[in-house]
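Notes follow the structure.
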Amino acid sequence: MRLKDLVGLSVGALRAQRLRSLLTALGIAVGVAAVVLLTSIGEGVHRFVLAEFTQFGTNLLAVVPGKTATFGVSGGIISTVRPLSLSDAAALARINGVVGAVPVVQGNALVQAARRGRRAFVFGVGPEAPAVWKINVTTGQFLPADDQGSARAFVVLGSKLRDELFGRENPLGQRIRVGGDRYRVIGVMASKGQFLGFDLDDAVYLPAAKALELFNRESLMEIDLLYEPNASLDRLVADVKRLLISRHGHEDFTIITQKQMLDVLSSILNVLTLAVGALGGISLLVGGVGVLTIMTIAVSERTAEIGLLRALGAEKGQIVKLFLGEAVVLAGIGGLAGLVLGVGLAQILTTIVPAMPVRTSWGYVVVGELLALVVGLAAGVLPARRAAELDPLEALRAE
Amino acid sequence: MIRLEAIRREFQVGGEPVHALNGVSLTVERGEYLSIMGPSGSGKSTLLHIIGLLDRPTAGRYWLAGRNVTGLSDQERALIRREKIGFVFQLFHLVPRLTAAQNIELPLTLDGLPPEKRTDRVQSILAAYGLAARARHLPNQLSGGERQRVAIARAAVTRPEILLADEPTGNLDRASGREVIELLERLNHEGLTLILVTHDPELGSRARCRLQMRDGCLLADGEAR
Ligand SMILES: Nc1ncnc2c1ncn2[C@@H]1O[C@H](COP(=O)(O)OP(=O)(O)O)[C@@H](O)[C@H]1O
Ligand SMILES: [Mg+2]
């Protein structure tokens, strides 16, 4: 039997029971639509989160103090963690391929202007922060390239903090207090918006050396390195490691590359999307039970026809193919309808709730349709085999 | 063409054996026109099913075209049915959702014949059987006689060697019954081996070779063998 004829016969049989075929296909359609819609949301969240993390650039590498525990560390050596210092940051900046290094100390402090005060994020950073983090100054200038040890008491305000403290006044040259110490405002940052819910504009940038004093810390929290796009990351990581080991005596720091972090994040989010998709798969399974039911009914209704086909010389295999074909075509049509439904709902959702990240991935659309076909196949096997195993004579006698 | 030797067929009904065929031996030559008559329950259909390889004998041996087909597998028997045997049933057995033309085409479709060839064969047989105007009609839009002619066309379209007809006029009035018999006889004239089961002595007597059945046994009648 030709494939085209098989499909033709299947479609014919399904059309002969239009209403019931439609309802059964609807069951599959709902399942596939659920898979498509849920994975679209999963994929949307995935992209949203990745975009959040890559807004600061991808060619980043961070060094943090302390060594994360690895397997097989012998208990013999008690290692002291040396602080990550400003001179470490300066040394790292000189590595070949590094574009800029930013020492980071972060915290929270009360920021007071002449009339108003407010708690805000405090970023103790170096002069290269705008280049490394891809942030811009709108008015004034960023922190000058002072020798970090004797950095002057200058601050740059985030756009929101500026509005809160000074309203329509010009903040440049104004004096403010951060955690009690006096600073002079020399610039204002462009709005950067939110990052995972934190308002980056409600912040103040001041020299890292001052922030160490402010928070009474010995060590930087982090040193961020921006490297040239075509630099070899492996070589760079090795260079950073060698330099810091030579400065600290042993490896008491951890290097995190943005790439590593994104990979881990991405794989977590993929699992999440798959899990949500599987949830939709459950309703597809329910649709499959519908196909199984309808095919079982079809086989008993068409027993005489099966007998006739056997008398005409159809082999058991052909009977199996005919009924399997019918189940698969039914599920396939339902699946296609489900794809349209799912993609449509995803579009509507984007229109109605623009804040909701929805992104239909064509990979999952294909998987959704394949899943529908597999469900049809699985649901058809039992009835089709029952049809094939009927005794031809008994079947012929059924009327 | 057909040689049966001491064919027996037993059915178990509520633990009791029912002997549908009690040692039937029979030889049918190629191109023969054979009628089998007898009362209801005498085993005519059972015999026809065994000849048509739809059923297996409990005992005995069967040669078809010189080949021992007694112990063939299900698949081998399906292949022989497809290539060599055509069935015509009392209840027509047309597929209700397929048109007359599609019903006739069905065995060719199962056989995987290319669509152009199928259409040619179906069109010519529709014309030859006076069914051209009915090609697109569904079975329930046809008269009984027309349905049976479609069924015969379906049996003949594969050009089988043997045509087995089980009470083909049982559900028809006299006039259309006669048409159906004449169509079957025409096929026999063209060389087909025709075996006709009927309980109508008038129809049965038209056959060149006539057999009677009683309680699962063959009795010769006329030119007995
Ligand atoms: N599948 C079956 N199961 C049990 N008994 C059967 C079966 N088929 C036929 N028989 C019995 O075998 C005998 C012959 O039946 P059949 O060949 O149909 O007779 P006929 O066609 O001459 O009327 C009858 O007694 C019938 O009841
Ligand atoms: Mg009978």
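All residue names refer to the structure tokens as shown: chains lettered A, B, ... in order, residues numbered from 1 in each chain, ligands numbered from 1 in order.
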Can you tell me which residues come within 6 Å of ligand 1 when counting only C-alpha atoms and all ligand atoms, ideally as an mmCIF file with N, CA and C atoms, in the first residue's frame?
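What landed in out_22.cif:
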data_model
loop_
_atom_site.group_PDB
_atom_site.id
_atom_site.type_symbol
_atom_site.label_atom_id
_atom_site.label_comp_id
_atom_site.auth_asym_id
_atom_site.auth_seq_id
_atom_site.Cartn_x
_atom_site.Cartn_y
_atom_site.Cartn_z
ATOM 1 N N PHE B 11 -16.066 -27.443 14.570
ATOM 2 C CA PHE B 11 -16.172 -26.259 15.438
ATOM 3 C C PHE B 11 -16.510 -26.735 16.823
ATOM 4 N N VAL B 13 -18.692 -25.922 19.849
ATOM 5 C CA VAL B 13 -19.791 -25.051 20.278
ATOM 6 C C VAL B 13 -20.211 -25.502 21.669
ATOM 7 N N ALA B 20 -18.742 -29.482 10.711
ATOM 8 C CA ALA B 20 -19.254 -28.705 9.587
ATOM 9 C C ALA B 20 -18.893 -29.397 8.274
ATOM 10 N N SER B 40 -29.614 -25.236 4.439
ATOM 11 C CA SER B 40 -28.885 -24.366 5.364
ATOM 12 C C SER B 40 -28.193 -25.205 6.432
ATOM 13 N N GLY B 41 -26.975 -24.861 6.741
ATOM 14 C CA GLY B 41 -26.240 -25.570 7.781
ATOM 15 C C GLY B 41 -25.543 -26.820 7.295
ATOM 16 N N SER B 42 -25.564 -27.080 5.976
ATOM 17 C CA SER B 42 -24.958 -28.308 5.476
ATOM 18 C C SER B 42 -23.451 -28.163 5.279
ATOM 19 N N GLY B 43 -22.911 -26.957 5.413
ATOM 20 C CA GLY B 43 -21.453 -26.802 5.343
ATOM 21 C C GLY B 43 -20.963 -26.119 4.082
ATOM 22 N N LYS B 44 -21.879 -25.561 3.283
ATOM 23 C CA LYS B 44 -21.491 -24.944 2.002
ATOM 24 C C LYS B 44 -20.529 -23.766 2.210
ATOM 25 N N SER B 45 -20.912 -22.872 3.112
ATOM 26 C CA SER B 45 -20.062 -21.694 3.345
ATOM 27 C C SER B 45 -18.708 -22.105 3.902
ATOM 28 N N THR B 46 -18.726 -23.026 4.843
ATOM 29 C CA THR B 46 -17.470 -23.483 5.436
ATOM 30 C C THR B 46 -16.531 -24.009 4.346
#
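What chain B places within 7 Å of chain A, counting only C-alpha atoms, is B:Leu54, B:Gln75, B:Ala78, B:Leu79, B:Arg81, B:Arg82, B:His93, B:Val95, B:Arg97, B:Pro107, B:Thr109, B:Leu110, B:Asp111, B:Gly112.
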Subject >> Nearby residues (only C-alpha atoms) at most 8 Å from region 358-364 of chain A, same-chain spacing under 2 positions excluded, as an NGL selection string >> reply: :A and (36-37 or 39-45 or 343 or 346 or 349-350 or 356 or 366-368)
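Take the candidates B:Ala65, B:Ala165, B:Val180, B:Leu113 and check each one against ligand 2 using only C-alpha atoms and all ligand atoms; the shortest distance goes to B:Ala165.
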Write down as a PDB file with N, CA and C atoms, in the first residue's frame the residues belonging to chain B that are assigned strand (DSSP E) by DSSP computed on the backbone.
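Contents of part.pdb, as written:
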ATOM      1  N   ILE B   2      -8.054 -26.914  -8.235  1.00  0.00           N
ATOM      2  CA  ILE B   2      -8.343 -27.083  -6.808  1.00  0.00           C
ATOM      3  C   ILE B   2      -8.454 -28.569  -6.528  1.00  0.00           C
ATOM      4  N   ARG B   3      -7.707 -29.036  -5.517  1.00  0.00           N
ATOM      5  CA  ARG B   3      -7.870 -30.432  -5.133  1.00  0.00           C
ATOM      6  C   ARG B   3      -7.946 -30.521  -3.618  1.00  0.00           C
ATOM      7  N   LEU B   4      -9.107 -31.038  -3.128  1.00  0.00           N
ATOM      8  CA  LEU B   4      -9.293 -31.218  -1.689  1.00  0.00           C
ATOM      9  C   LEU B   4      -9.275 -32.696  -1.394  1.00  0.00           C
ATOM     10  N   GLU B   5      -8.622 -33.076  -0.293  1.00  0.00           N
ATOM     11  CA  GLU B   5      -8.551 -34.485   0.080  1.00  0.00           C
ATOM     12  C   GLU B   5      -8.983 -34.653   1.523  1.00  0.00           C
ATOM     13  N   ALA B   6     -10.128 -35.333   1.698  1.00  0.00           N
ATOM     14  CA  ALA B   6     -10.610 -35.689   3.052  1.00  0.00           C
ATOM     15  C   ALA B   6     -10.584 -34.510   4.012  1.00  0.00           C
ATOM     16  N   ILE B   7     -11.162 -33.385   3.534  1.00  0.00           N
ATOM     17  CA  ILE B   7     -11.166 -32.181   4.364  1.00  0.00           C
ATOM     18  C   ILE B   7     -12.227 -32.295   5.456  1.00  0.00           C
ATOM     19  N   ARG B   8     -11.813 -32.077   6.686  1.00  0.00           N
ATOM     20  CA  ARG B   8     -12.741 -32.040   7.817  1.00  0.00           C
ATOM     21  C   ARG B   8     -12.632 -30.673   8.493  1.00  0.00           C
ATOM     22  N   ARG B   9     -13.756 -30.215   8.994  1.00  0.00           N
ATOM     23  CA  ARG B   9     -13.722 -28.960   9.765  1.00  0.00           C
ATOM     24  C   ARG B   9     -14.655 -29.114  10.942  1.00  0.00           C
ATOM     25  N   GLU B  10     -14.089 -28.969  12.129  1.00  0.00           N
ATOM     26  CA  GLU B  10     -14.857 -29.107  13.360  1.00  0.00           C
ATOM     27  C   GLU B  10     -14.921 -27.769  14.062  1.00  0.00           C
ATOM     28  N   PHE B  11     -16.066 -27.443  14.570  1.00  0.00           N
ATOM     29  CA  PHE B  11     -16.172 -26.259  15.438  1.00  0.00           C
ATOM     30  C   PHE B  11     -16.510 -26.735  16.823  1.00  0.00           C
ATOM     31  N   GLN B  12     -16.029 -26.028  17.825  1.00  0.00           N
ATOM     32  CA  GLN B  12     -16.405 -26.330  19.205  1.00  0.00           C
ATOM     33  C   GLN B  12     -17.515 -25.367  19.587  1.00  0.00           C
ATOM     34  N   VAL B  13     -18.692 -25.922  19.849  1.00  0.00           N
ATOM     35  CA  VAL B  13     -19.791 -25.051  20.278  1.00  0.00           C
ATOM     36  C   VAL B  13     -20.211 -25.502  21.669  1.00  0.00           C
ATOM     37  N   GLU B  16     -19.117 -28.887  22.770  1.00  0.00           N
ATOM     38  CA  GLU B  16     -19.531 -29.975  21.883  1.00  0.00           C
ATOM     39  C   GLU B  16     -18.926 -29.759  20.503  1.00  0.00           C
ATOM     40  N   PRO B  17     -18.324 -30.777  19.916  1.00  0.00           N
ATOM     41  CA  PRO B  17     -17.815 -30.588  18.559  1.00  0.00           C
ATOM     42  C   PRO B  17     -18.957 -30.602  17.533  1.00  0.00           C
ATOM     43  N   VAL B  18     -18.917 -29.635  16.598  1.00  0.00           N
ATOM     44  CA  VAL B  18     -19.871 -29.615  15.486  1.00  0.00           C
ATOM     45  C   VAL B  18     -19.082 -29.918  14.225  1.00  0.00           C
ATOM     46  N   HIS B  19     -19.493 -30.951  13.501  1.00  0.00           N
ATOM     47  CA  HIS B  19     -18.757 -31.321  12.290  1.00  0.00           C
ATOM     48  C   HIS B  19     -19.354 -30.601  11.104  1.00  0.00           C
ATOM     49  N   ALA B  20     -18.742 -29.482  10.711  1.00  0.00           N
ATOM     50  CA  ALA B  20     -19.254 -28.705   9.587  1.00  0.00           C
ATOM     51  C   ALA B  20     -18.893 -29.397   8.274  1.00  0.00           C
ATOM     52  N   LEU B  21     -17.719 -29.980   8.212  1.00  0.00           N
ATOM     53  CA  LEU B  21     -17.303 -30.747   7.027  1.00  0.00           C
ATOM     54  C   LEU B  21     -16.809 -32.109   7.496  1.00  0.00           C
ATOM     55  N   ASN B  22     -17.316 -33.150   6.821  1.00  0.00           N
ATOM     56  CA  ASN B  22     -17.037 -34.513   7.255  1.00  0.00           C
ATOM     57  C   ASN B  22     -16.248 -35.277   6.209  1.00  0.00           C
ATOM     58  N   GLY B  23     -15.053 -34.843   5.896  1.00  0.00           N
ATOM     59  CA  GLY B  23     -14.238 -35.553   4.926  1.00  0.00           C
ATOM     60  C   GLY B  23     -14.682 -35.258   3.505  1.00  0.00           C
ATOM     61  N   VAL B  24     -14.452 -34.074   3.057  1.00  0.00           N
ATOM     62  CA  VAL B  24     -14.843 -33.677   1.703  1.00  0.00           C
ATOM     63  C   VAL B  24     -13.645 -33.815   0.769  1.00  0.00           C
ATOM     64  N   SER B  25     -13.816 -34.523  -0.318  1.00  0.00           N
ATOM     65  CA  SER B  25     -12.788 -34.617  -1.355  1.00  0.00           C
ATOM     66  C   SER B  25     -13.380 -34.076  -2.640  1.00  0.00           C
ATOM     67  N   LEU B  26     -12.595 -33.263  -3.342  1.00  0.00           N
ATOM     68  CA  LEU B  26     -13.155 -32.556  -4.485  1.00  0.00           C
ATOM     69  C   LEU B  26     -12.030 -32.108  -5.410  1.00  0.00           C
ATOM     70  N   THR B  27     -12.273 -32.213  -6.715  1.00  0.00           N
ATOM     71  CA  THR B  27     -11.309 -31.684  -7.683  1.00  0.00           C
ATOM     72  C   THR B  27     -12.057 -30.737  -8.609  1.00  0.00           C
ATOM     73  N   VAL B  28     -11.507 -29.551  -8.793  1.00  0.00           N
ATOM     74  CA  VAL B  28     -12.144 -28.581  -9.684  1.00  0.00           C
ATOM     75  C   VAL B  28     -11.110 -28.164 -10.728  1.00  0.00           C
ATOM     76  N   TYR B  33     -17.260 -24.354 -13.988  1.00  0.00           N
ATOM     77  CA  TYR B  33     -18.399 -23.644 -13.403  1.00  0.00           C
ATOM     78  C   TYR B  33     -19.097 -24.648 -12.506  1.00  0.00           C
ATOM     79  N   LEU B  34     -18.926 -24.468 -11.208  1.00  0.00           N
ATOM     80  CA  LEU B  34     -19.404 -25.460 -10.246  1.00  0.00           C
ATOM     81  C   LEU B  34     -20.415 -24.812  -9.312  1.00  0.00           C
ATOM     82  N   SER B  35     -21.551 -25.509  -9.136  1.00  0.00           N
ATOM     83  CA  SER B  35     -22.484 -24.997  -8.140  1.00  0.00           C
ATOM     84  C   SER B  35     -22.550 -25.969  -6.981  1.00  0.00           C
ATOM     85  N   ILE B  36     -22.671 -25.422  -5.762  1.00  0.00           N
ATOM     86  CA  ILE B  36     -22.840 -26.250  -4.572  1.00  0.00           C
ATOM     87  C   ILE B  36     -24.180 -25.877  -3.953  1.00  0.00           C
ATOM     88  N   MET B  37     -25.064 -26.898  -3.884  1.00  0.00           N
ATOM     89  CA  MET B  37     -26.402 -26.652  -3.338  1.00  0.00           C
ATOM     90  C   MET B  37     -26.586 -27.493  -2.090  1.00  0.00           C
ATOM     91  N   ALA B  59      -8.610 -31.175   9.466  1.00  0.00           N
ATOM     92  CA  ALA B  59      -7.813 -32.278   8.928  1.00  0.00           C
ATOM     93  C   ALA B  59      -8.025 -32.323   7.414  1.00  0.00           C
ATOM     94  N   GLY B  60      -7.122 -32.999   6.735  1.00  0.00           N
ATOM     95  CA  GLY B  60      -7.223 -33.105   5.281  1.00  0.00           C
ATOM     96  C   GLY B  60      -6.169 -32.266   4.593  1.00  0.00           C
ATOM     97  N   ARG B  61      -6.110 -32.417   3.262  1.00  0.00           N
ATOM     98  CA  ARG B  61      -5.089 -31.668   2.527  1.00  0.00           C
ATOM     99  C   ARG B  61      -5.707 -30.922   1.346  1.00  0.00           C
ATOM    100  N   TYR B  62      -5.016 -29.838   0.964  1.00  0.00           N
ATOM    101  CA  TYR B  62      -5.562 -28.934  -0.050  1.00  0.00           C
ATOM    102  C   TYR B  62      -4.424 -28.492  -0.975  1.00  0.00           C
ATOM    103  N   TRP B  63      -4.635 -28.746  -2.299  1.00  0.00           N
ATOM    104  CA  TRP B  63      -3.675 -28.255  -3.289  1.00  0.00           C
ATOM    105  C   TRP B  63      -4.366 -27.193  -4.132  1.00  0.00           C
ATOM    106  N   LEU B  64      -3.644 -26.121  -4.342  1.00  0.00           N
ATOM    107  CA  LEU B  64      -4.195 -25.064  -5.191  1.00  0.00           C
ATOM    108  C   LEU B  64      -3.171 -24.794  -6.281  1.00  0.00           C
ATOM    109  N   ARG B  67       0.027 -26.567  -5.808  1.00  0.00           N
ATOM    110  CA  ARG B  67       0.822 -26.278  -4.621  1.00  0.00           C
ATOM    111  C   ARG B  67       0.046 -26.677  -3.380  1.00  0.00           C
ATOM    112  N   ASN B  68       0.739 -27.362  -2.449  1.00  0.00           N
ATOM    113  CA  ASN B  68       0.076 -27.737  -1.205  1.00  0.00           C
ATOM    114  C   ASN B  68      -0.048 -26.499  -0.328  1.00  0.00           C
ATOM    115  N   ILE B  85      -7.714 -15.152  -5.796  1.00  0.00           N
ATOM    116  CA  ILE B  85      -9.083 -15.471  -5.388  1.00  0.00           C
ATOM    117  C   ILE B  85      -9.930 -14.209  -5.260  1.00  0.00           C
ATOM    118  N   GLY B  86     -11.159 -14.282  -5.773  1.00  0.00           N
ATOM    119  CA  GLY B  86     -12.115 -13.210  -5.562  1.00  0.00           C
ATOM    120  C   GLY B  86     -13.321 -13.751  -4.815  1.00  0.00           C
ATOM    121  N   PHE B  87     -13.823 -12.945  -3.852  1.00  0.00           N
ATOM    122  CA  PHE B  87     -15.012 -13.354  -3.097  1.00  0.00           C
ATOM    123  C   PHE B  87     -16.206 -12.471  -3.440  1.00  0.00           C
ATOM    124  N   VAL B  88     -17.389 -13.120  -3.498  1.00  0.00           N
ATOM    125  CA  VAL B  88     -18.634 -12.349  -3.585  1.00  0.00           C
ATOM    126  C   VAL B  88     -19.546 -12.877  -2.479  1.00  0.00           C
ATOM    127  N   ILE B 162      -9.855 -17.615  -9.512  1.00  0.00           N
ATOM    128  CA  ILE B 162     -11.015 -18.299  -8.947  1.00  0.00           C
ATOM    129  C   ILE B 162     -11.967 -17.257  -8.373  1.00  0.00           C
ATOM    130  N   LEU B 163     -13.264 -17.445  -8.651  1.00  0.00           N
ATOM    131  CA  LEU B 163     -14.265 -16.559  -8.075  1.00  0.00           C
ATOM    132  C   LEU B 163     -15.169 -17.411  -7.190  1.00  0.00           C
ATOM    133  N   LEU B 164     -15.282 -17.040  -5.914  1.00  0.00           N
ATOM    134  CA  LEU B 164     -16.098 -17.794  -4.972  1.00  0.00           C
ATOM    135  C   LEU B 164     -17.294 -16.938  -4.587  1.00  0.00           C
ATOM    136  N   ALA B 165     -18.498 -17.408  -4.916  1.00  0.00           N
ATOM    137  CA  ALA B 165     -19.694 -16.613  -4.644  1.00  0.00           C
ATOM    138  C   ALA B 165     -20.591 -17.377  -3.685  1.00  0.00           C
ATOM    139  N   ASP B 166     -20.827 -16.775  -2.494  1.00  0.00           N
ATOM    140  CA  ASP B 166     -21.640 -17.423  -1.453  1.00  0.00           C
ATOM    141  C   ASP B 166     -23.030 -16.794  -1.448  1.00  0.00           C
ATOM    142  N   THR B 193     -12.452 -19.628 -13.000  1.00  0.00           N
ATOM    143  CA  THR B 193     -13.065 -20.768 -12.330  1.00  0.00           C
ATOM    144  C   THR B 193     -14.121 -20.198 -11.380  1.00  0.00           C
ATOM    145  N   LEU B 194     -15.379 -20.657 -11.549  1.00  0.00           N
ATOM    146  CA  LEU B 194     -16.460 -20.074 -10.750  1.00  0.00           C
ATOM    147  C   LEU B 194     -17.073 -21.137  -9.847  1.00  0.00           C
ATOM    148  N   ILE B 195     -17.103 -20.861  -8.558  1.00  0.00           N
ATOM    149  CA  ILE B 195     -17.792 -21.755  -7.633  1.00  0.00           C
ATOM    150  C   ILE B 195     -18.921 -20.960  -6.993  1.00  0.00           C
ATOM    151  N   LEU B 196     -20.143 -21.473  -7.189  1.00  0.00           N
ATOM    152  CA  LEU B 196     -21.330 -20.737  -6.785  1.00  0.00           C
ATOM    153  C   LEU B 196     -22.077 -21.538  -5.723  1.00  0.00           C
ATOM    154  N   VAL B 197     -22.244 -20.972  -4.547  1.00  0.00           N
ATOM    155  CA  VAL B 197     -23.021 -21.621  -3.496  1.00  0.00           C
ATOM    156  C   VAL B 197     -24.415 -21.017  -3.518  1.00  0.00           C
ATOM    157  N   CYS B 209     -21.288 -28.115 -13.635  1.00  0.00           N
ATOM    158  CA  CYS B 209     -21.047 -29.180 -12.669  1.00  0.00           C
ATOM    159  C   CYS B 209     -21.788 -28.833 -11.396  1.00  0.00           C
ATOM    160  N   ARG B 210     -22.643 -29.763 -10.945  1.00  0.00           N
ATOM    161  CA  ARG B 210     -23.483 -29.450  -9.785  1.00  0.00           C
ATOM    162  C   ARG B 210     -23.208 -30.433  -8.661  1.00  0.00           C
ATOM    163  N   LEU B 211     -23.055 -29.904  -7.420  1.00  0.00           N
ATOM    164  CA  LEU B 211     -22.819 -30.766  -6.266  1.00  0.00           C
ATOM    165  C   LEU B 211     -23.852 -30.444  -5.199  1.00  0.00           C
ATOM    166  N   GLN B 212     -24.212 -31.486  -4.453  1.00  0.00           N
ATOM    167  CA  GLN B 212     -25.138 -31.317  -3.336  1.00  0.00           C
ATOM    168  C   GLN B 212     -24.409 -31.565  -2.036  1.00  0.00           C
ATOM    169  N   MET B 213     -24.752 -30.814  -1.017  1.00  0.00           N
ATOM    170  CA  MET B 213     -24.162 -31.070   0.312  1.00  0.00           C
ATOM    171  C   MET B 213     -25.243 -31.428   1.296  1.00  0.00           C
ATOM    172  N   ARG B 214     -24.913 -32.376   2.170  1.00  0.00           N
ATOM    173  CA  ARG B 214     -25.799 -32.757   3.276  1.00  0.00           C
ATOM    174  C   ARG B 214     -24.925 -33.027   4.489  1.00  0.00           C
ATOM    175  N   CYS B 217     -21.225 -33.433   4.057  1.00  0.00           N
ATOM    176  CA  CYS B 217     -20.707 -34.365   3.062  1.00  0.00           C
ATOM    177  C   CYS B 217     -21.187 -33.951   1.682  1.00  0.00           C
ATOM    178  N   LEU B 218     -20.353 -34.227   0.668  1.00  0.00           N
ATOM    179  CA  LEU B 218     -20.722 -33.928  -0.716  1.00  0.00           C
ATOM    180  C   LEU B 218     -21.466 -35.110  -1.318  1.00  0.00           C
ATOM    181  N   LEU B 219     -22.573 -34.850  -2.009  1.00  0.00           N
ATOM    182  CA  LEU B 219     -23.265 -35.884  -2.773  1.00  0.00           C
ATOM    183  C   LEU B 219     -23.184 -35.454  -4.227  1.00  0.00           C
ATOM    184  N   ALA B 220     -22.850 -36.353  -5.076  1.00  0.00           N
ATOM    185  CA  ALA B 220     -22.782 -36.003  -6.497  1.00  0.00           C
ATOM    186  C   ALA B 220     -24.178 -35.771  -7.025  1.00  0.00           C
ATOM    187  N   ASP B 221     -24.289 -34.977  -8.089  1.00  0.00           N
ATOM    188  CA  ASP B 221     -25.582 -34.667  -8.696  1.00  0.00           C
ATOM    189  C   ASP B 221     -25.292 -34.448 -10.168  1.00  0.00           C
TER     190      ASP B 221
END
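Here CA of Ile186 (chain A) and CA of Ile223 (chain A) stand 23.8 Å from one another.
Across the model, the gap from CA of Arg154 (chain B) to CA of Gly325 (chain A) is 23.5 Å.
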Original post:
Can you list, as a PyMOL selection string, every residue of region 37-220 of chain B that DSSP puts in alpha helix (DSSP H)?
Top reply: chain B and resi 44-51+74-84+100-111+115-128+144-156+174-189+201-204
Original post:
Could you work out how far CA of Val204 (chain A) lies from CA of Leu161 (chain A), giving the answer in Å with one decimal?
Top reply: 7.5 Å
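Take the candidates B:Arg118, B:His49, B:Arg30, B:Arg174 and check each one against ligand 2 using only C-alpha atoms and all ligand atoms; the shortest distance goes to B:His49.
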**OP:** Would you list the contacts of Pro171 (chain A) as a PyMOL selection string, taking every protein, DNA or RNA residue within 7 Å and counting only C-alpha atoms, but skipping same-chain residues closer than 3 positions in sequence?
**Re:** chain A and resi 166+174+185
Subject >> Near-Leu272 (chain A) list (9 Å; only C-alpha atoms; drop same-chain fewer than 5 positions) as a VMD selection string >> reply: chain A and resid 42 46 267 277
